[in-house]
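Coordinates as given in coords34.cif (mmCIF, C-alpha atoms):
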```cif
data_data
#
loop_
_atom_site.label_atom_id
_atom_site.label_comp_id
_atom_site.auth_asym_id
_atom_site.auth_seq_id
_atom_site.Cartn_x
_atom_site.Cartn_y
_atom_site.Cartn_z
CA MET A 1 5.02 16.90 -3.91
CA SER A 2 2.74 16.29 -6.86
CA GLN A 3 0.64 13.16 -6.74
CA ASN A 4 0.44 13.01 -10.55
CA ILE A 5 3.32 10.52 -10.41
CA LEU A 6 0.74 7.95 -9.30
CA GLN A 7 -1.51 8.32 -12.33
CA ASN A 8 0.50 5.82 -14.38
CA THR A 9 1.11 3.48 -11.44
CA LYS A 10 -0.86 0.27 -11.08
CA PHE A 11 -2.02 -0.90 -7.65
CA SER A 12 -2.41 -4.49 -6.53
CA VAL A 13 -2.92 -6.58 -3.39
CA LEU A 14 -0.74 -9.15 -1.65
CA ASP A 15 -2.52 -11.32 0.91
CA LEU A 16 -0.68 -13.64 3.28
CA VAL A 17 -4.09 -14.89 4.49
CA PRO A 18 -3.32 -14.03 8.12
CA ILE A 19 -5.31 -15.65 10.94
CA PRO A 20 -6.73 -12.99 13.28
CA GLN A 21 -6.36 -13.91 16.93
CA GLY A 22 -9.44 -15.77 18.15
CA LYS A 23 -10.58 -16.67 14.63
CA GLN A 24 -10.66 -20.00 12.79
CA HIS A 25 -8.72 -20.96 9.66
CA ILE A 26 -11.91 -20.93 7.58
CA GLU A 27 -12.59 -17.33 8.62
CA ALA A 28 -9.15 -16.24 7.41
CA ILE A 29 -9.73 -17.96 4.06
CA GLU A 30 -13.22 -16.49 3.68
CA ASN A 31 -11.82 -13.05 4.56
CA SER A 32 -9.28 -13.46 1.78
CA LEU A 33 -12.02 -14.14 -0.77
CA ASP A 34 -14.06 -11.20 0.51
CA LEU A 35 -11.00 -8.97 0.21
CA ALA A 36 -10.37 -10.21 -3.35
CA GLN A 37 -13.97 -9.46 -4.28
CA HIS A 38 -13.71 -5.95 -2.84
CA ALA A 39 -10.32 -5.40 -4.51
CA GLU A 40 -11.92 -6.31 -7.83
CA LYS A 41 -14.72 -3.82 -7.19
CA TYR A 42 -12.23 -1.14 -6.10
CA GLY A 43 -10.27 -1.46 -9.35
CA TYR A 44 -7.06 -3.18 -8.20
CA ASN A 45 -4.98 -4.76 -10.94
CA ARG A 46 -4.15 -8.13 -9.37
CA PHE A 47 -4.55 -10.14 -6.17
CA TRP A 48 -1.62 -12.30 -5.14
CA VAL A 49 -1.23 -14.87 -2.36
CA SER A 50 2.16 -15.86 -0.97
CA GLU A 51 3.34 -19.37 -0.08
CA HIS A 52 4.20 -19.95 3.59
CA HIS A 53 4.52 -23.13 5.62
CA ASN A 54 4.46 -24.20 9.27
CA MET A 55 3.19 -20.85 10.56
CA GLU A 56 0.17 -20.77 12.84
CA SER A 57 -0.24 -17.09 11.96
CA ILE A 58 -0.72 -17.63 8.19
CA VAL A 59 -2.90 -20.09 6.29
CA SER A 60 -1.52 -19.85 2.74
CA SER A 61 0.43 -23.11 2.61
CA ALA A 62 -1.69 -24.71 -0.16
CA THR A 63 -1.29 -21.65 -2.36
CA VAL A 64 -2.58 -23.10 -5.61
CA VAL A 65 -5.74 -24.39 -3.93
CA LEU A 66 -6.41 -20.92 -2.54
CA LEU A 67 -5.84 -19.34 -5.96
CA GLY A 68 -8.50 -21.57 -7.46
CA TYR A 69 -10.91 -20.62 -4.67
CA LEU A 70 -10.21 -16.91 -5.21
CA ALA A 71 -10.45 -17.11 -9.00
CA GLN A 72 -13.77 -18.97 -8.74
CA GLY A 73 -15.17 -16.25 -6.47
CA THR A 74 -14.09 -13.32 -8.66
CA SER A 75 -14.52 -12.54 -12.34
CA THR A 76 -12.07 -9.93 -13.68
CA ILE A 77 -9.17 -9.25 -11.29
CA ARG A 78 -5.93 -11.12 -12.01
CA ILE A 79 -5.20 -13.87 -9.47
CA GLY A 80 -1.72 -15.17 -8.82
CA SER A 81 1.09 -16.29 -6.59
CA GLY A 82 3.26 -13.78 -4.84
CA GLY A 83 4.84 -16.15 -4.94
CA VAL A 84 5.21 -19.87 -5.35
CA MET A 85 8.56 -20.85 -3.83
CA LEU A 86 9.88 -22.78 -6.81
CA PRO A 87 12.62 -24.77 -5.03
CA ASN A 88 9.84 -26.40 -2.95
CA HIS A 89 8.23 -27.88 -6.07
CA ALA A 90 9.10 -29.77 -9.22
CA PRO A 91 8.77 -27.39 -12.21
CA LEU A 92 6.51 -29.93 -13.96
CA ILE A 93 4.05 -29.86 -11.05
CA VAL A 94 3.98 -26.06 -11.08
CA ALA A 95 3.42 -26.04 -14.85
CA GLU A 96 0.53 -28.50 -14.56
CA GLN A 97 -1.07 -26.68 -11.63
CA PHE A 98 -0.91 -23.23 -13.19
CA GLY A 99 -1.80 -24.66 -16.58
CA THR A 100 -4.96 -26.03 -14.98
CA LEU A 101 -5.73 -22.67 -13.34
CA ALA A 102 -5.14 -20.80 -16.61
CA THR A 103 -7.38 -23.26 -18.46
CA LEU A 104 -10.18 -22.74 -15.95
CA TYR A 105 -9.70 -18.96 -15.71
CA PRO A 106 -8.14 -17.78 -19.00
CA ASN A 107 -6.19 -14.51 -19.13
CA ARG A 108 -6.44 -14.05 -15.35
CA ILE A 109 -3.63 -16.13 -13.82
CA ASP A 110 -0.17 -14.83 -12.80
CA LEU A 111 2.76 -17.01 -11.77
CA GLY A 112 5.06 -15.20 -9.37
CA LEU A 113 8.15 -17.19 -8.40
CA GLY A 114 10.47 -16.92 -5.41
CA ARG A 115 13.50 -18.90 -4.32
CA ALA A 116 13.23 -18.58 -0.53
CA PRO A 117 11.71 -21.55 1.32
CA GLY A 118 8.82 -19.54 2.78
CA THR A 119 9.41 -21.25 6.10
CA ASP A 120 12.08 -22.43 8.56
CA GLN A 121 14.95 -24.65 7.49
CA LEU A 122 13.60 -27.82 9.11
CA THR A 123 10.28 -27.46 7.32
CA ALA A 124 12.11 -26.63 4.09
CA GLN A 125 13.95 -29.94 4.39
CA ALA A 126 10.61 -31.73 4.82
CA LEU A 127 9.23 -29.98 1.73
CA ARG A 128 12.30 -30.61 -0.38
CA ARG A 129 12.97 -34.12 0.95
CA GLY A 130 16.56 -33.27 1.77
CA LYS A 131 17.41 -31.77 -1.62
CA GLN A 132 20.27 -29.26 -1.33
CA GLU A 133 19.82 -26.21 -3.55
CA SER A 134 22.75 -24.93 -5.59
CA VAL A 135 23.04 -21.41 -6.96
CA GLN A 136 22.06 -22.60 -10.45
CA ASP A 137 19.01 -24.63 -9.42
CA PHE A 138 16.61 -21.68 -9.42
CA PRO A 139 17.62 -20.36 -12.87
CA ASN A 140 17.55 -23.89 -14.27
CA ASP A 141 14.13 -24.59 -12.75
CA ILE A 142 12.74 -21.41 -14.34
CA GLU A 143 14.06 -22.48 -17.74
CA GLU A 144 12.52 -25.92 -17.28
CA LEU A 145 9.21 -24.33 -16.31
CA GLN A 146 9.27 -22.03 -19.34
CA GLN A 147 10.01 -25.02 -21.54
CA TYR A 148 6.91 -26.85 -20.27
CA PHE A 149 4.77 -23.80 -21.06
CA SER A 150 6.19 -23.43 -24.57
CA ILE A 151 4.39 -24.72 -27.64
CA GLU A 152 7.75 -26.09 -28.79
CA ASN A 153 7.59 -28.66 -25.98
CA GLN A 154 4.83 -30.60 -27.75
CA ASP A 155 7.34 -33.05 -29.17
CA SER A 156 8.99 -33.69 -25.81
CA LYS A 157 8.59 -36.95 -23.94
CA VAL A 158 7.66 -34.95 -20.79
CA ARG A 159 4.83 -32.47 -21.24
CA ALA A 160 2.64 -30.25 -19.03
CA ILE A 161 -0.97 -30.94 -19.92
CA PRO A 162 -2.71 -28.58 -19.42
CA GLY A 163 -0.12 -25.83 -19.50
CA GLU A 164 1.66 -26.32 -22.77
CA GLY A 165 1.24 -23.36 -25.11
CA LEU A 166 -0.64 -21.23 -22.59
CA ASP A 167 0.19 -17.58 -22.06
CA ILE A 168 0.88 -17.53 -18.30
CA PRO A 169 2.91 -14.46 -17.29
CA ILE A 170 5.90 -15.23 -15.05
CA TYR A 171 7.15 -12.72 -12.47
CA LEU A 172 10.30 -13.04 -10.40
CA LEU A 173 10.12 -12.02 -6.75
CA GLY A 174 13.05 -11.22 -4.53
CA SER A 175 14.50 -9.38 -1.56
CA SER A 176 18.10 -9.21 -2.80
CA THR A 177 20.00 -8.50 -5.98
CA PHE A 178 20.14 -12.14 -7.13
CA SER A 179 16.58 -12.34 -8.49
CA ALA A 180 16.81 -8.77 -9.82
CA GLN A 181 19.75 -9.71 -12.03
CA LEU A 182 18.10 -12.98 -13.02
CA ALA A 183 14.85 -11.21 -13.98
CA ALA A 184 16.85 -8.73 -16.04
CA GLU A 185 18.75 -11.52 -17.79
CA LYS A 186 15.54 -13.38 -18.63
CA GLY A 187 13.50 -10.30 -19.56
CA LEU A 188 10.89 -10.90 -16.85
CA PRO A 189 8.93 -8.49 -14.62
CA TYR A 190 10.48 -8.12 -11.18
CA ALA A 191 8.78 -7.55 -7.81
CA PHE A 192 10.85 -6.55 -4.78
CA ALA A 193 9.75 -7.58 -1.28
CA SER A 194 10.32 -4.19 0.33
CA HIS A 195 7.49 -4.82 2.80
CA PHE A 196 9.86 -6.82 5.00
CA ALA A 197 13.35 -6.55 3.44
CA PRO A 198 13.98 -2.93 2.42
CA ALA A 199 17.78 -2.85 2.49
CA GLN A 200 18.54 -3.83 -1.11
CA LEU A 201 15.55 -2.17 -2.80
CA PHE A 202 17.31 0.61 -4.71
CA ASN A 203 20.36 -1.48 -5.55
CA ALA A 204 18.18 -4.31 -6.87
CA LEU A 205 15.98 -1.99 -8.95
CA ASN A 206 19.04 -0.29 -10.46
CA LEU A 207 20.63 -3.61 -11.39
CA TYR A 208 17.35 -4.78 -12.90
CA ALA A 209 16.93 -1.65 -15.02
CA GLU A 210 20.55 -1.54 -16.16
CA GLY A 211 20.80 -5.23 -17.03
CA PHE A 212 17.38 -5.78 -18.57
CA LYS A 213 17.35 -7.73 -21.82
CA ALA A 214 14.16 -7.54 -23.85
CA SER A 215 12.28 -10.81 -24.26
CA GLU A 216 9.45 -11.84 -26.55
CA GLU A 217 6.96 -11.19 -23.73
CA ASN A 218 8.53 -8.05 -22.22
CA LYS A 219 10.23 -5.39 -24.30
CA THR A 220 10.96 -3.07 -21.36
CA PRO A 221 11.62 -3.54 -17.63
CA TYR A 222 8.61 -3.82 -15.36
CA PRO A 223 9.68 -3.11 -11.76
CA MET A 224 7.19 -3.64 -8.92
CA ALA A 225 7.46 -3.19 -5.17
CA CYS A 226 5.47 -4.63 -2.30
CA VAL A 227 4.91 -2.28 0.64
CA ASN A 228 2.87 -2.26 3.84
CA VAL A 229 -0.12 0.08 3.75
CA ILE A 230 -2.39 0.85 6.70
CA ALA A 231 -4.88 3.58 5.88
CA ALA A 232 -7.72 5.00 7.97
CA GLU A 233 -9.79 8.16 8.26
CA THR A 234 -7.15 9.81 10.47
CA ASP A 235 -3.42 9.42 11.04
CA GLU A 236 -4.10 8.59 14.69
CA GLU A 237 -6.54 5.80 13.86
CA ALA A 238 -4.12 4.33 11.33
CA GLN A 239 -1.26 4.41 13.86
CA ARG A 240 -3.40 2.45 16.29
CA LEU A 241 -4.31 -0.13 13.64
CA ALA A 242 -0.59 -0.47 12.87
CA THR A 243 0.11 -1.89 16.33
CA SER A 244 -1.25 -5.23 15.06
CA LEU A 245 1.48 -5.23 12.39
CA TYR A 246 4.11 -4.31 14.96
CA GLN A 247 3.02 -7.10 17.31
CA PHE A 248 2.98 -9.50 14.35
CA ALA A 249 6.54 -8.46 13.51
CA MET A 250 7.53 -9.02 17.14
CA GLY A 251 6.68 -12.66 16.62
CA ILE A 252 8.99 -12.80 13.60
CA ILE A 253 12.05 -11.40 15.36
CA THR A 254 11.45 -13.42 18.55
CA ASN A 255 10.43 -16.60 16.68
CA THR A 256 7.16 -16.76 18.60
CA ARG A 257 4.73 -16.38 15.73
CA ARG A 258 1.10 -16.21 16.74
CA PRO A 259 -2.14 -15.23 14.99
CA LEU A 260 -2.54 -11.55 14.14
CA PRO A 261 -3.36 -9.73 17.41
CA PRO A 262 -5.90 -6.93 17.85
CA PRO A 263 -4.57 -3.35 17.97
CA ILE A 264 -3.54 -1.73 21.24
CA ASP A 265 -3.29 1.91 22.30
CA SER A 266 0.49 1.94 22.52
CA MET A 267 3.51 -0.30 21.95
CA ASP A 268 5.22 1.23 24.97
CA GLY A 269 6.21 -1.59 27.29
CA VAL A 270 5.52 -4.19 24.60
CA TRP A 271 8.76 -3.80 22.70
CA SER A 272 12.21 -2.71 23.82
CA MET A 273 14.05 0.15 22.13
CA GLU A 274 16.19 -2.39 20.29
CA GLN A 275 13.15 -4.35 19.11
CA GLU A 276 11.40 -1.18 18.00
CA ALA A 277 14.43 -0.13 15.98
CA MET A 278 14.75 -3.59 14.42
CA ILE A 279 11.07 -3.79 13.46
CA LYS A 280 10.87 -0.25 12.08
CA ASN A 281 13.98 -0.92 10.02
CA MET A 282 12.51 -4.18 8.71
CA MET A 283 9.19 -2.43 8.00
CA TYR A 284 10.81 0.75 6.69
CA PHE A 285 8.55 0.94 3.65
CA THR A 286 5.33 1.01 5.64
CA PHE A 287 2.82 3.71 4.83
CA ILE A 288 0.50 4.55 7.72
CA GLY A 289 -2.05 7.34 7.88
CA SER A 290 -5.00 9.13 6.33
CA LYS A 291 -5.63 9.36 2.60
CA ASN A 292 -3.63 12.57 2.23
CA THR A 293 -0.69 11.20 4.22
CA ILE A 294 -0.59 7.93 2.27
CA ALA A 295 -0.93 9.70 -1.09
CA SER A 296 1.95 12.06 -0.33
CA GLU A 297 4.30 9.36 0.93
CA LEU A 298 3.50 6.89 -1.86
CA SER A 299 4.10 9.61 -4.46
CA LYS A 300 7.59 10.15 -3.04
CA PHE A 301 8.21 6.40 -3.02
CA VAL A 302 7.17 5.92 -6.65
CA GLU A 303 9.18 8.95 -7.77
CA SER A 304 12.32 7.74 -6.00
CA THR A 305 12.08 4.10 -7.09
CA GLY A 306 10.51 4.34 -10.55
CA VAL A 307 8.34 1.28 -9.89
CA ARG A 308 5.42 0.82 -12.22
CA GLU A 309 3.25 -1.11 -9.81
CA ILE A 310 2.64 -0.97 -6.06
CA ILE A 311 1.58 -4.19 -4.36
CA ALA A 312 0.03 -3.39 -1.00
CA VAL A 313 -0.11 -5.77 1.96
CA SER A 314 -2.14 -4.73 4.99
CA HIS A 315 -1.89 -6.57 8.30
CA ILE A 316 -5.01 -5.19 9.98
CA TYR A 317 -6.81 -7.22 12.62
CA ASN A 318 -10.39 -6.16 11.95
CA HIS A 319 -11.59 -7.30 8.53
CA GLU A 320 -13.84 -4.29 7.98
CA ALA A 321 -10.95 -1.97 8.84
CA ARG A 322 -8.76 -3.84 6.36
CA LEU A 323 -11.38 -3.41 3.64
CA LYS A 324 -11.59 0.29 4.53
CA SER A 325 -7.81 0.64 4.23
CA TYR A 326 -7.83 -0.83 0.72
CA LYS A 327 -10.80 1.38 -0.21
CA ILE A 328 -8.88 4.50 0.88
CA LEU A 329 -5.88 3.36 -1.17
CA SER A 330 -8.11 2.73 -4.18
CA ASP A 331 -9.55 6.23 -3.80
CA ILE A 332 -6.02 7.60 -4.05
CA PHE A 333 -5.19 5.89 -7.34
CA SER A 334 -8.66 6.42 -8.84
CA GLU A 335 -8.50 10.15 -8.05
CA THR A 336 -5.01 10.56 -9.51
CA THR A 337 -6.05 8.67 -12.63
CA ALA A 338 -9.16 10.82 -13.00
#
```

Just give me the structure of the file as structure tokens.
Amino acid sequence: MSQNILQNTKFSVLDLVPIPQGKQHIEAIENSLDLAQHAEKYGYNRFWVSEHHNMESIVSSATVVLLGYLAQGTSTIRIGSGGVMLPNHAPLIVAEQFGTLATLYPNRIDLGLGRAPGTDQLTAQALRRGKQESVQDFPNDIEELQQYFSIENQDSKVRAIPGEGLDIPIYLLGSSTFSAQLAAEKGLPYAFASHFAPAQLFNALNLYAEGFKASEENKTPYPMACVNVIAAETDEEAQRLATSLYQFAMGIITNTRRPLPPPIDSMDGVWSMEQEAMIKNMMYFTFIGSKNTIASELSKFVESTGVREIIAVSHIYNHEARLKSYKILSDIFSETTA
């Protein structure tokens, strides 16, 4: 399998800002900045942070605050949300917040939008103050947000200042066909969450490509996919590092979420056969191994999906090992480009 397929593929980072077991919240946040700084040096295209709430394993609840911290500590890499869960926020607030970020850090801010709550239902109710979402709320909220960003809104009685007239790229994120069709209808880039919800990947990408309508900002479809990547010097070392991800996923399926645990020699006796099957199905698009292994498997993935950008998330307990994993991945795309 030729790896030349990767030479026109962009590579980016998604960080959930996980809390390693035994570490403090501030260490997780500082690790995120250090990773962003290394990603910039390694040549990654963008660095996104996802919005999550009420999870003691993840410290990315105040997403916009983190984005400002990351943008301040870097200089060239694009910084953005992967994503902001729009139903949790008034579109005007989002427009003002990202307008402020884009004013402070021009031509570097991305606004990725999702419609999931990013948390459990009880917490979602607390965030949304009991508001019940209808199927049209998300599309309508996007239109309202785009209106606030438009220069045409200057005569409106409700304006986003700063934000109005700024060129802030909007991306739709999803794990089903709904957002794929919506992104196609609105002519927006689309990122699929295949790192934890692989089932609808190909169907969603096909619907997006087939239904895409060119917009002023995007003349052609721009499909992206988020995948798990755990790279190391050897396949065996990478497989051991991956046990942290597997244990983390155990917390998801058993609803006992805890900080990211250190790796162990084997998952035998930790998960049942049923749990193993469930987790490996959920994490189907997880690339684990040495540079050669990762390069080969990612080439197949890009060829089969046609995505133009890979967004890599790496749940690795040791921060230095996580940096090493992203360095190996950057070596893959820099070598194919060269």

Requested in this report: Would you please work out which residue, of A:Gln24, A:Thr123, A:Thr220, A:Asn107, is nearest to Met55 in chain A when using only C-alpha atoms?
Outcome: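 The shortest atom-to-atom distance to Met55 in chain A comes from A:Thr123.
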
task: Extract, using all atoms listed in the file, all DNA, RNA and protein residues at most 10 Å from range 33-42 of chain A, discarding same-chain residues fewer than 2 positions from it, and format them as a VMD selection string.
output: chain A and resid 11 to 15 17 27 to 31 44 to 48 66 to 67 69 to 79 319 to 320 322 to 324 326 to 331 334

For the residues in the current selection, export C-alpha atoms as a CSV table (one decimal), keeping the file's coordinate frame.
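Okay, selection.csv is ready:
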```csv
chain,number,residue,atom,x,y,z
A,11,PHE,CA,-2.0,-0.9,-7.6
A,12,SER,CA,-2.4,-4.5,-6.5
A,13,VAL,CA,-2.9,-6.6,-3.4
A,14,LEU,CA,-0.7,-9.2,-1.6
A,15,ASP,CA,-2.5,-11.3,0.9
A,17,VAL,CA,-4.1,-14.9,4.5
A,27,GLU,CA,-12.6,-17.3,8.6
A,28,ALA,CA,-9.2,-16.2,7.4
A,29,ILE,CA,-9.7,-18.0,4.1
A,30,GLU,CA,-13.2,-16.5,3.7
A,31,ASN,CA,-11.8,-13.0,4.6
A,44,TYR,CA,-7.1,-3.2,-8.2
A,45,ASN,CA,-5.0,-4.8,-10.9
A,46,ARG,CA,-4.2,-8.1,-9.4
A,47,PHE,CA,-4.6,-10.1,-6.2
A,48,TRP,CA,-1.6,-12.3,-5.1
A,66,LEU,CA,-6.4,-20.9,-2.5
A,67,LEU,CA,-5.8,-19.3,-6.0
A,69,TYR,CA,-10.9,-20.6,-4.7
A,70,LEU,CA,-10.2,-16.9,-5.2
A,71,ALA,CA,-10.4,-17.1,-9.0
A,72,GLN,CA,-13.8,-19.0,-8.7
A,73,GLY,CA,-15.2,-16.2,-6.5
A,74,THR,CA,-14.1,-13.3,-8.7
A,75,SER,CA,-14.5,-12.5,-12.3
A,76,THR,CA,-12.1,-9.9,-13.7
A,77,ILE,CA,-9.2,-9.2,-11.3
A,78,ARG,CA,-5.9,-11.1,-12.0
A,79,ILE,CA,-5.2,-13.9,-9.5
A,319,HIS,CA,-11.6,-7.3,8.5
A,320,GLU,CA,-13.8,-4.3,8.0
A,322,ARG,CA,-8.8,-3.8,6.4
A,323,LEU,CA,-11.4,-3.4,3.6
A,324,LYS,CA,-11.6,0.3,4.5
A,326,TYR,CA,-7.8,-0.8,0.7
A,327,LYS,CA,-10.8,1.4,-0.2
A,328,ILE,CA,-8.9,4.5,0.9
A,329,LEU,CA,-5.9,3.4,-1.2
A,330,SER,CA,-8.1,2.7,-4.2
A,331,ASP,CA,-9.6,6.2,-3.8
A,334,SER,CA,-8.7,6.4,-8.8
```

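Counting from CA of Asn218 in chain A, the distance to CA of Arg159 in chain A is 24.7 Å.
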
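Distances from A:Tyr317, A:Trp271, A:Tyr284, A:Phe149 to Ala102 in chain A were compared using all atoms listed in the file, and the smallest one belongs to A:Phe149.
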
task = Can you work out which one of A:Arg257, A:Gly99, A:Ile316, A:Asn228 has the shortest atom-to-atom distance to Gly163 in chain A, counting only C-alpha atoms?
result =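 Going through A:Arg257, A:Gly99, A:Ile316, A:Asn228 one by one, the smallest distance to Gly163 in chain A is for A:Gly99.
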
Practice task
Anything within 12 Å of (-2.4, -18.9, 11.4): list those residues as an MDAnalysis selection string, counting all atoms listed in the file and sticking to the file's coordinates.
Solution key: chainID A and resid 16:29 52:61 248 257:261

Those same residues - C-alpha atoms - I'd like them written as a PDB file, in the frame of the given file.
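In the end it all went to out28.pdb:
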```
ATOM      1  CA  LEU A  16      -0.680 -13.640   3.280  1.00  0.00           C
ATOM      2  CA  VAL A  17      -4.090 -14.890   4.490  1.00  0.00           C
ATOM      3  CA  PRO A  18      -3.320 -14.030   8.120  1.00  0.00           C
ATOM      4  CA  ILE A  19      -5.310 -15.650  10.940  1.00  0.00           C
ATOM      5  CA  PRO A  20      -6.730 -12.990  13.280  1.00  0.00           C
ATOM      6  CA  GLN A  21      -6.360 -13.910  16.930  1.00  0.00           C
ATOM      7  CA  GLY A  22      -9.440 -15.770  18.150  1.00  0.00           C
ATOM      8  CA  LYS A  23     -10.580 -16.670  14.630  1.00  0.00           C
ATOM      9  CA  GLN A  24     -10.660 -20.000  12.790  1.00  0.00           C
ATOM     10  CA  HIS A  25      -8.720 -20.960   9.660  1.00  0.00           C
ATOM     11  CA  ILE A  26     -11.910 -20.930   7.580  1.00  0.00           C
ATOM     12  CA  GLU A  27     -12.590 -17.330   8.620  1.00  0.00           C
ATOM     13  CA  ALA A  28      -9.150 -16.240   7.410  1.00  0.00           C
ATOM     14  CA  ILE A  29      -9.730 -17.960   4.060  1.00  0.00           C
ATOM     15  CA  HIS A  52       4.200 -19.950   3.590  1.00  0.00           C
ATOM     16  CA  HIS A  53       4.520 -23.130   5.620  1.00  0.00           C
ATOM     17  CA  ASN A  54       4.460 -24.200   9.270  1.00  0.00           C
ATOM     18  CA  MET A  55       3.190 -20.850  10.560  1.00  0.00           C
ATOM     19  CA  GLU A  56       0.170 -20.770  12.840  1.00  0.00           C
ATOM     20  CA  SER A  57      -0.240 -17.090  11.960  1.00  0.00           C
ATOM     21  CA  ILE A  58      -0.720 -17.630   8.190  1.00  0.00           C
ATOM     22  CA  VAL A  59      -2.900 -20.090   6.290  1.00  0.00           C
ATOM     23  CA  SER A  60      -1.520 -19.850   2.740  1.00  0.00           C
ATOM     24  CA  SER A  61       0.430 -23.110   2.610  1.00  0.00           C
ATOM     25  CA  PHE A 248       2.980  -9.500  14.350  1.00  0.00           C
ATOM     26  CA  ARG A 257       4.730 -16.380  15.730  1.00  0.00           C
ATOM     27  CA  ARG A 258       1.100 -16.210  16.740  1.00  0.00           C
ATOM     28  CA  PRO A 259      -2.140 -15.230  14.990  1.00  0.00           C
ATOM     29  CA  LEU A 260      -2.540 -11.550  14.140  1.00  0.00           C
ATOM     30  CA  PRO A 261      -3.360  -9.730  17.410  1.00  0.00           C
TER      31      PRO A 261
END
```

Residue with the minimum atom-to-atom distance to Ser290 in chain A, picked from A:Asn255, A:Asn206, A:Thr337, A:Ser325 with all atoms listed in the file counted, is A:Ser325

- Query: What's the 10 Å shell around range 233-242 of chain A, counting all atoms listed in the file, without same-chain residues fewer than 2 positions away, as a VMD selection string?
  - Reply: chain A and resid 228 to 231 244 to 248 262 to 267 286 to 294 314 to 318 321 to 322 324 to 325 328

Please produce a file of the residues just selected, as an mmCIF file, keeping the file's coordinate frame, where the atoms kept are C-alpha atoms.
```cif
data_model
loop_
_atom_site.group_PDB
_atom_site.id
_atom_site.type_symbol
_atom_site.label_atom_id
_atom_site.label_comp_id
_atom_site.auth_asym_id
_atom_site.auth_seq_id
_atom_site.Cartn_x
_atom_site.Cartn_y
_atom_site.Cartn_z
ATOM 1 C CA ASN A 228 2.870 -2.260 3.840
ATOM 2 C CA VAL A 229 -0.120 0.080 3.750
ATOM 3 C CA ILE A 230 -2.390 0.850 6.700
ATOM 4 C CA ALA A 231 -4.880 3.580 5.880
ATOM 5 C CA SER A 244 -1.250 -5.230 15.060
ATOM 6 C CA LEU A 245 1.480 -5.230 12.390
ATOM 7 C CA TYR A 246 4.110 -4.310 14.960
ATOM 8 C CA GLN A 247 3.020 -7.100 17.310
ATOM 9 C CA PHE A 248 2.980 -9.500 14.350
ATOM 10 C CA PRO A 262 -5.900 -6.930 17.850
ATOM 11 C CA PRO A 263 -4.570 -3.350 17.970
ATOM 12 C CA ILE A 264 -3.540 -1.730 21.240
ATOM 13 C CA ASP A 265 -3.290 1.910 22.300
ATOM 14 C CA SER A 266 0.490 1.940 22.520
ATOM 15 C CA MET A 267 3.510 -0.300 21.950
ATOM 16 C CA THR A 286 5.330 1.010 5.640
ATOM 17 C CA PHE A 287 2.820 3.710 4.830
ATOM 18 C CA ILE A 288 0.500 4.550 7.720
ATOM 19 C CA GLY A 289 -2.050 7.340 7.880
ATOM 20 C CA SER A 290 -5.000 9.130 6.330
ATOM 21 C CA LYS A 291 -5.630 9.360 2.600
ATOM 22 C CA ASN A 292 -3.630 12.570 2.230
ATOM 23 C CA THR A 293 -0.690 11.200 4.220
ATOM 24 C CA ILE A 294 -0.590 7.930 2.270
ATOM 25 C CA SER A 314 -2.140 -4.730 4.990
ATOM 26 C CA HIS A 315 -1.890 -6.570 8.300
ATOM 27 C CA ILE A 316 -5.010 -5.190 9.980
ATOM 28 C CA TYR A 317 -6.810 -7.220 12.620
ATOM 29 C CA ASN A 318 -10.390 -6.160 11.950
ATOM 30 C CA ALA A 321 -10.950 -1.970 8.840
ATOM 31 C CA ARG A 322 -8.760 -3.840 6.360
ATOM 32 C CA LYS A 324 -11.590 0.290 4.530
ATOM 33 C CA SER A 325 -7.810 0.640 4.230
ATOM 34 C CA ILE A 328 -8.880 4.500 0.880
#
```

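Going from CA of Arg108 in chain A over to CA of Ile170 in chain A, you cover 12.4 Å.
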
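A straight line drawn from CA of Glu335 in chain A to CA of Thr9 in chain A is 12.2 Å long.
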
inquiry  = What would the selection look like, as an MDAnalysis selection string, if the PyMOL selection byres ((chain A and resi 301) around 12) were run on the coordinates I just shared?
reply    = chainID A and resid 1:3 5:6 9 194 201:202 224:227 284:287 294:300 302:310

Using the selection just defined, write its residues with C-alpha atoms as a short mmCIF file (atom, residue, chain, number, x, y, z; two decimals), keeping the file's coordinate frame.
```cif
data_model
loop_
_atom_site.label_atom_id
_atom_site.label_comp_id
_atom_site.auth_asym_id
_atom_site.auth_seq_id
_atom_site.Cartn_x
_atom_site.Cartn_y
_atom_site.Cartn_z
CA MET A 1 5.02 16.90 -3.91
CA SER A 2 2.74 16.29 -6.86
CA GLN A 3 0.64 13.16 -6.74
CA ILE A 5 3.32 10.52 -10.41
CA LEU A 6 0.74 7.95 -9.30
CA THR A 9 1.11 3.48 -11.44
CA SER A 194 10.32 -4.19 0.33
CA LEU A 201 15.55 -2.17 -2.80
CA PHE A 202 17.31 0.61 -4.71
CA MET A 224 7.19 -3.64 -8.92
CA ALA A 225 7.46 -3.19 -5.17
CA CYS A 226 5.47 -4.63 -2.30
CA VAL A 227 4.91 -2.28 0.64
CA TYR A 284 10.81 0.75 6.69
CA PHE A 285 8.55 0.94 3.65
CA THR A 286 5.33 1.01 5.64
CA PHE A 287 2.82 3.71 4.83
CA ILE A 294 -0.59 7.93 2.27
CA ALA A 295 -0.93 9.70 -1.09
CA SER A 296 1.95 12.06 -0.33
CA GLU A 297 4.30 9.36 0.93
CA LEU A 298 3.50 6.89 -1.86
CA SER A 299 4.10 9.61 -4.46
CA LYS A 300 7.59 10.15 -3.04
CA VAL A 302 7.17 5.92 -6.65
CA GLU A 303 9.18 8.95 -7.77
CA SER A 304 12.32 7.74 -6.00
CA THR A 305 12.08 4.10 -7.09
CA GLY A 306 10.51 4.34 -10.55
CA VAL A 307 8.34 1.28 -9.89
CA ARG A 308 5.42 0.82 -12.22
CA GLU A 309 3.25 -1.11 -9.81
CA ILE A 310 2.64 -0.97 -6.06
#
```
